[in-house]
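Engineer: Once you've had a glance at the structure underneath, I'll fire off some questions.
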Amino acid sequence: MINYLKNIIKGFSTILVGMKVTFINLFRPNVTVQYPNVHPLVRAGSDKMPDNARNKLNVIIPKCTGCKSCEKACPVNCITIETTKVASIDTEKPLMEDGKKRVFWLSQFDIDFAKCCFCGLCTIACPTSAIVHSTDFEYSCYDRNELLVHFSPFNKEQVAEKKRILAEEVKQKAEKALADKQAAEKAAQEQNITDSKIKSSDDQTSANQNIQNNSN
Ligand code: SF4
Ligand code: SF4
């Protein structure tokens, strides 16, 4: 009989322990979000994603040097970068976000989000924090081609123009190098002619001197 009563009391006490947890959480603010009716970013009391959230990537072009470290670090090869050297004869002289001179145009910077596994290795490899996870996680689509995102600010015509300017600079440098070489060769030839004229003049003088000495 005593054991029976003890079991009843124990049963009630365990119910009260469980209800205590329920009762405490009754007055705590909600941590769940009724997505999609409520967006996590606009949920009351929270205006940002967790710091380590790995959402869609974003590339901040003014920070990107075109070093390709992210492309090399990507384990699934979903980043494709093509750079074009900024020609010194280009009238457009862009600066990086930190004020340094830009060395490369980003003629292509594509990320294929159909392949991306959101490992975040590219963001770690980037020396300038130009590639970062954004707060965007809602980009599902019906056509996988839409998941190939182009971050380069240039269209095909602009890329062709930058390549043309660079080729023009290479051509001008090659022509200048050839002209310098020809000028140096011509100067060397003229110097040789002058030297040989002086030598023959000296020889002639010495021969005349010998003749004069012999006649004396
Ligand atoms: S998150 Fe990972 S898989 Fe996606 S682009 Fe970066 S390195 Fe590649
Ligand atoms: S995003 Fe970063 S790592 Fe990738 S090319 Fe630009 S600067 Fe280099």
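Ligands are numbered from 1 in the order shown, residues from 1 within each chain, and chains are lettered A, B, ... in the order they appear in the structure tokens.
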Using only C-alpha atoms and all ligand atoms, find each protein or nucleic acid residue lying at most 6 Å from ligand 1; present the set as a ChimeraX atom specification.

Structural biologist: /A:73-76,78-79,116-122

Engineer: Restricting it to N, CA and C atoms, dump the selection as a PDB file, in the first residue's frame.

Structural biologist:
ATOM      1  N   ALA A  73      40.770  27.248 -55.006  1.00  0.00           N
ATOM      2  CA  ALA A  73      40.344  26.609 -53.750  1.00  0.00           C
ATOM      3  C   ALA A  73      39.041  25.825 -53.912  1.00  0.00           C
ATOM      4  N   CYS A  74      38.262  26.143 -54.930  1.00  0.00           N
ATOM      5  CA  CYS A  74      36.943  25.509 -55.074  1.00  0.00           C
ATOM      6  C   CYS A  74      37.074  24.018 -55.399  1.00  0.00           C
ATOM      7  N   PRO A  75      36.504  23.147 -54.570  1.00  0.00           N
ATOM      8  CA  PRO A  75      36.670  21.703 -54.787  1.00  0.00           C
ATOM      9  C   PRO A  75      35.816  21.156 -55.924  1.00  0.00           C
ATOM     10  N   VAL A  76      34.835  21.923 -56.394  1.00  0.00           N
ATOM     11  CA  VAL A  76      33.957  21.396 -57.451  1.00  0.00           C
ATOM     12  C   VAL A  76      34.065  22.204 -58.752  1.00  0.00           C
ATOM     13  N   CYS A  78      33.406  25.252 -59.647  1.00  0.00           N
ATOM     14  CA  CYS A  78      32.215  25.985 -60.124  1.00  0.00           C
ATOM     15  C   CYS A  78      32.485  27.471 -60.313  1.00  0.00           C
ATOM     16  N   ILE A  79      33.736  27.895 -60.047  1.00  0.00           N
ATOM     17  CA  ILE A  79      34.101  29.300 -60.289  1.00  0.00           C
ATOM     18  C   ILE A  79      34.960  29.371 -61.548  1.00  0.00           C
ATOM     19  N   CYS A 116      27.740  24.447 -56.850  1.00  0.00           N
ATOM     20  CA  CYS A 116      28.302  24.911 -55.566  1.00  0.00           C
ATOM     21  C   CYS A 116      27.744  24.096 -54.391  1.00  0.00           C
ATOM     22  N   CYS A 117      28.650  23.654 -53.516  1.00  0.00           N
ATOM     23  CA  CYS A 117      28.218  22.893 -52.348  1.00  0.00           C
ATOM     24  C   CYS A 117      28.260  23.753 -51.077  1.00  0.00           C
ATOM     25  N   PHE A 118      28.520  25.045 -51.235  1.00  0.00           N
ATOM     26  CA  PHE A 118      28.478  26.011 -50.124  1.00  0.00           C
ATOM     27  C   PHE A 118      29.425  25.624 -48.985  1.00  0.00           C
ATOM     28  N   CYS A 119      30.601  25.129 -49.410  1.00  0.00           N
ATOM     29  CA  CYS A 119      31.606  24.766 -48.403  1.00  0.00           C
ATOM     30  C   CYS A 119      32.255  26.000 -47.803  1.00  0.00           C
ATOM     31  N   GLY A 120      32.269  27.117 -48.537  1.00  0.00           N
ATOM     32  CA  GLY A 120      32.852  28.357 -48.024  1.00  0.00           C
ATOM     33  C   GLY A 120      34.358  28.441 -48.182  1.00  0.00           C
ATOM     34  N   LEU A 121      34.993  27.460 -48.850  1.00  0.00           N
ATOM     35  CA  LEU A 121      36.460  27.487 -48.989  1.00  0.00           C
ATOM     36  C   LEU A 121      36.925  28.698 -49.793  1.00  0.00           C
ATOM     37  N   CYS A 122      36.124  29.108 -50.776  1.00  0.00           N
ATOM     38  CA  CYS A 122      36.505  30.263 -51.595  1.00  0.00           C
ATOM     39  C   CYS A 122      36.566  31.534 -50.746  1.00  0.00           C
TER      40      CYS A 122
END

Engineer: Give the helix (DSSP H, G or I) residues of segment 20-183 of chain A, as DSSP finds them on the backbone, and put them as a ChimeraX atom specification.

Structural biologist: /A:20-26,40-42,61-63,69-73,121-125,144-147,156-183

Engineer: For the residues in the current selection, export C-alpha atoms as an mmCIF file, in the first residue's frame.

Structural biologist:
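As a result, part.cif now contains:
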data_model
loop_
_atom_site.group_PDB
_atom_site.id
_atom_site.type_symbol
_atom_site.label_atom_id
_atom_site.label_comp_id
_atom_site.auth_asym_id
_atom_site.auth_seq_id
_atom_site.Cartn_x
_atom_site.Cartn_y
_atom_site.Cartn_z
ATOM 1 C CA LYS A 20 7.656 23.153 -15.342
ATOM 2 C CA VAL A 21 9.742 23.105 -18.571
ATOM 3 C CA THR A 22 6.574 23.655 -20.617
ATOM 4 C CA PHE A 23 5.456 26.483 -18.315
ATOM 5 C CA ILE A 24 8.836 28.284 -18.496
ATOM 6 C CA ASN A 25 8.917 28.112 -22.303
ATOM 7 C CA LEU A 26 5.343 29.384 -22.486
ATOM 8 C CA PRO A 40 13.835 35.305 -41.086
ATOM 9 C CA LEU A 41 15.431 38.645 -41.979
ATOM 10 C CA VAL A 42 12.405 40.656 -40.885
ATOM 11 C CA ILE A 61 34.043 43.495 -57.731
ATOM 12 C CA PRO A 62 35.804 46.700 -56.485
ATOM 13 C CA LYS A 63 37.594 44.504 -53.921
ATOM 14 C CA SER A 69 42.741 32.030 -55.328
ATOM 15 C CA CYS A 70 39.026 31.287 -54.911
ATOM 16 C CA GLU A 71 38.922 29.485 -58.269
ATOM 17 C CA LYS A 72 41.857 27.285 -57.202
ATOM 18 C CA ALA A 73 40.344 26.609 -53.750
ATOM 19 C CA LEU A 121 36.460 27.487 -48.989
ATOM 20 C CA CYS A 122 36.505 30.263 -51.595
ATOM 21 C CA THR A 123 35.628 32.872 -48.957
ATOM 22 C CA ILE A 124 38.487 31.644 -46.770
ATOM 23 C CA ALA A 125 41.005 31.654 -49.655
ATOM 24 C CA ARG A 144 19.418 25.465 -64.196
ATOM 25 C CA ASN A 145 21.045 27.951 -66.599
ATOM 26 C CA GLU A 146 19.721 30.679 -64.309
ATOM 27 C CA LEU A 147 22.009 29.312 -61.605
ATOM 28 C CA LYS A 156 31.167 40.811 -74.538
ATOM 29 C CA GLU A 157 31.740 44.023 -76.501
ATOM 30 C CA GLN A 158 33.458 45.720 -73.562
ATOM 31 C CA VAL A 159 35.706 42.687 -72.993
ATOM 32 C CA ALA A 160 36.628 42.687 -76.711
ATOM 33 C CA GLU A 161 37.464 46.396 -76.490
ATOM 34 C CA LYS A 162 39.726 45.889 -73.450
ATOM 35 C CA LYS A 163 41.487 43.018 -75.225
ATOM 36 C CA ARG A 164 41.921 45.185 -78.332
ATOM 37 C CA ILE A 165 43.508 47.980 -76.266
ATOM 38 C CA LEU A 166 45.870 45.484 -74.609
ATOM 39 C CA ALA A 167 46.824 43.966 -77.993
ATOM 40 C CA GLU A 168 47.467 47.499 -79.306
ATOM 41 C CA GLU A 169 49.778 48.169 -76.375
ATOM 42 C CA VAL A 170 51.666 44.901 -76.956
ATOM 43 C CA LYS A 171 52.019 45.825 -80.649
ATOM 44 C CA GLN A 172 53.272 49.338 -79.823
ATOM 45 C CA LYS A 173 55.822 47.921 -77.352
ATOM 46 C CA ALA A 174 57.032 45.362 -79.912
ATOM 47 C CA GLU A 175 57.383 48.084 -82.581
ATOM 48 C CA LYS A 176 59.265 50.327 -80.157
ATOM 49 C CA ALA A 177 61.568 47.475 -79.138
ATOM 50 C CA LEU A 178 62.266 46.725 -82.837
ATOM 51 C CA ALA A 179 62.884 50.411 -83.609
ATOM 52 C CA ASP A 180 65.231 50.693 -80.596
ATOM 53 C CA LYS A 181 67.110 47.586 -81.724
ATOM 54 C CA GLN A 182 67.460 48.880 -85.298
ATOM 55 C CA ALA A 183 68.610 52.276 -84.026
#

Engineer: Return as an MDAnalysis selection string every polymer residue, whether protein, DNA or RNA, with at least one atom no more than 6 Å from an atom of ligand 2; count only C-alpha atoms and all ligand atoms.

Structural biologist: chainID A and resid 64:70 125:128 130:131

Engineer: Go ahead and write the selection's residues with N, CA and C atoms as a short mmCIF file (atom, residue, chain, number, x, y, z; two decimals), in the first residue's frame.

Structural biologist:
data_model
loop_
_atom_site.label_atom_id
_atom_site.label_comp_id
_atom_site.auth_asym_id
_atom_site.auth_seq_id
_atom_site.Cartn_x
_atom_site.Cartn_y
_atom_site.Cartn_z
N CYS A 64 37.91 42.88 -55.71
CA CYS A 64 38.51 41.68 -56.32
C CYS A 64 39.70 42.05 -57.19
N THR A 65 40.84 41.43 -56.91
CA THR A 65 42.07 41.70 -57.68
C THR A 65 42.21 40.79 -58.89
N GLY A 66 41.39 39.74 -58.93
CA GLY A 66 41.52 38.76 -60.02
C GLY A 66 42.64 37.77 -59.77
N CYS A 67 42.99 37.53 -58.50
CA CYS A 67 44.11 36.64 -58.18
C CYS A 67 43.78 35.17 -58.42
N LYS A 68 42.52 34.83 -58.53
CA LYS A 68 42.05 33.47 -58.81
C LYS A 68 42.26 32.47 -57.67
N SER A 69 42.56 32.95 -56.46
CA SER A 69 42.74 32.03 -55.33
C SER A 69 41.45 31.27 -55.04
N CYS A 70 40.32 31.94 -55.18
CA CYS A 70 39.03 31.29 -54.91
C CYS A 70 38.77 30.18 -55.93
N ALA A 125 39.80 31.46 -48.83
CA ALA A 125 41.01 31.65 -49.66
C ALA A 125 41.17 33.08 -50.14
N CYS A 126 40.08 33.84 -50.21
CA CYS A 126 40.14 35.20 -50.78
C CYS A 126 40.93 36.14 -49.86
N PRO A 127 42.00 36.77 -50.38
CA PRO A 127 42.82 37.64 -49.53
C PRO A 127 42.18 39.00 -49.27
N THR A 128 41.17 39.37 -50.04
CA THR A 128 40.59 40.72 -49.87
C THR A 128 39.13 40.68 -49.42
N ALA A 130 36.66 39.61 -51.00
CA ALA A 130 35.81 40.06 -52.11
C ALA A 130 34.68 39.07 -52.39
N ILE A 131 34.87 37.82 -52.00
CA ILE A 131 33.81 36.83 -52.21
C ILE A 131 33.28 36.42 -50.83
#

Engineer: What's around segment 102-108 of chain A at 8 Å? Count only C-alpha atoms, leave out sequence neighbours fewer than 2 positions away in its own chain, and write the answer as a list in words.

Structural biologist: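 Skipping anything fewer than 2 positions along the chain leaves Thr65, Gly66, Thr80, Ile81, Glu82, Thr83, Thr84, Lys85, Val86, Lys93, Pro94, Leu95, Met96, Lys100, Asp110, His150, Phe151, Ser152, Pro153, Phe154 and Val159 of chain A.
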
Engineer: Of the residues A:Ile60, A:Ile211, A:Ile15, A:Ile193, which is the one nearest to Ser129 of chain A, using only C-alpha atoms?

Structural biologist: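 Going through A:Ile60, A:Ile211, A:Ile15, A:Ile193 one by one, the smallest distance to Ser129 of chain A is for A:Ile60.
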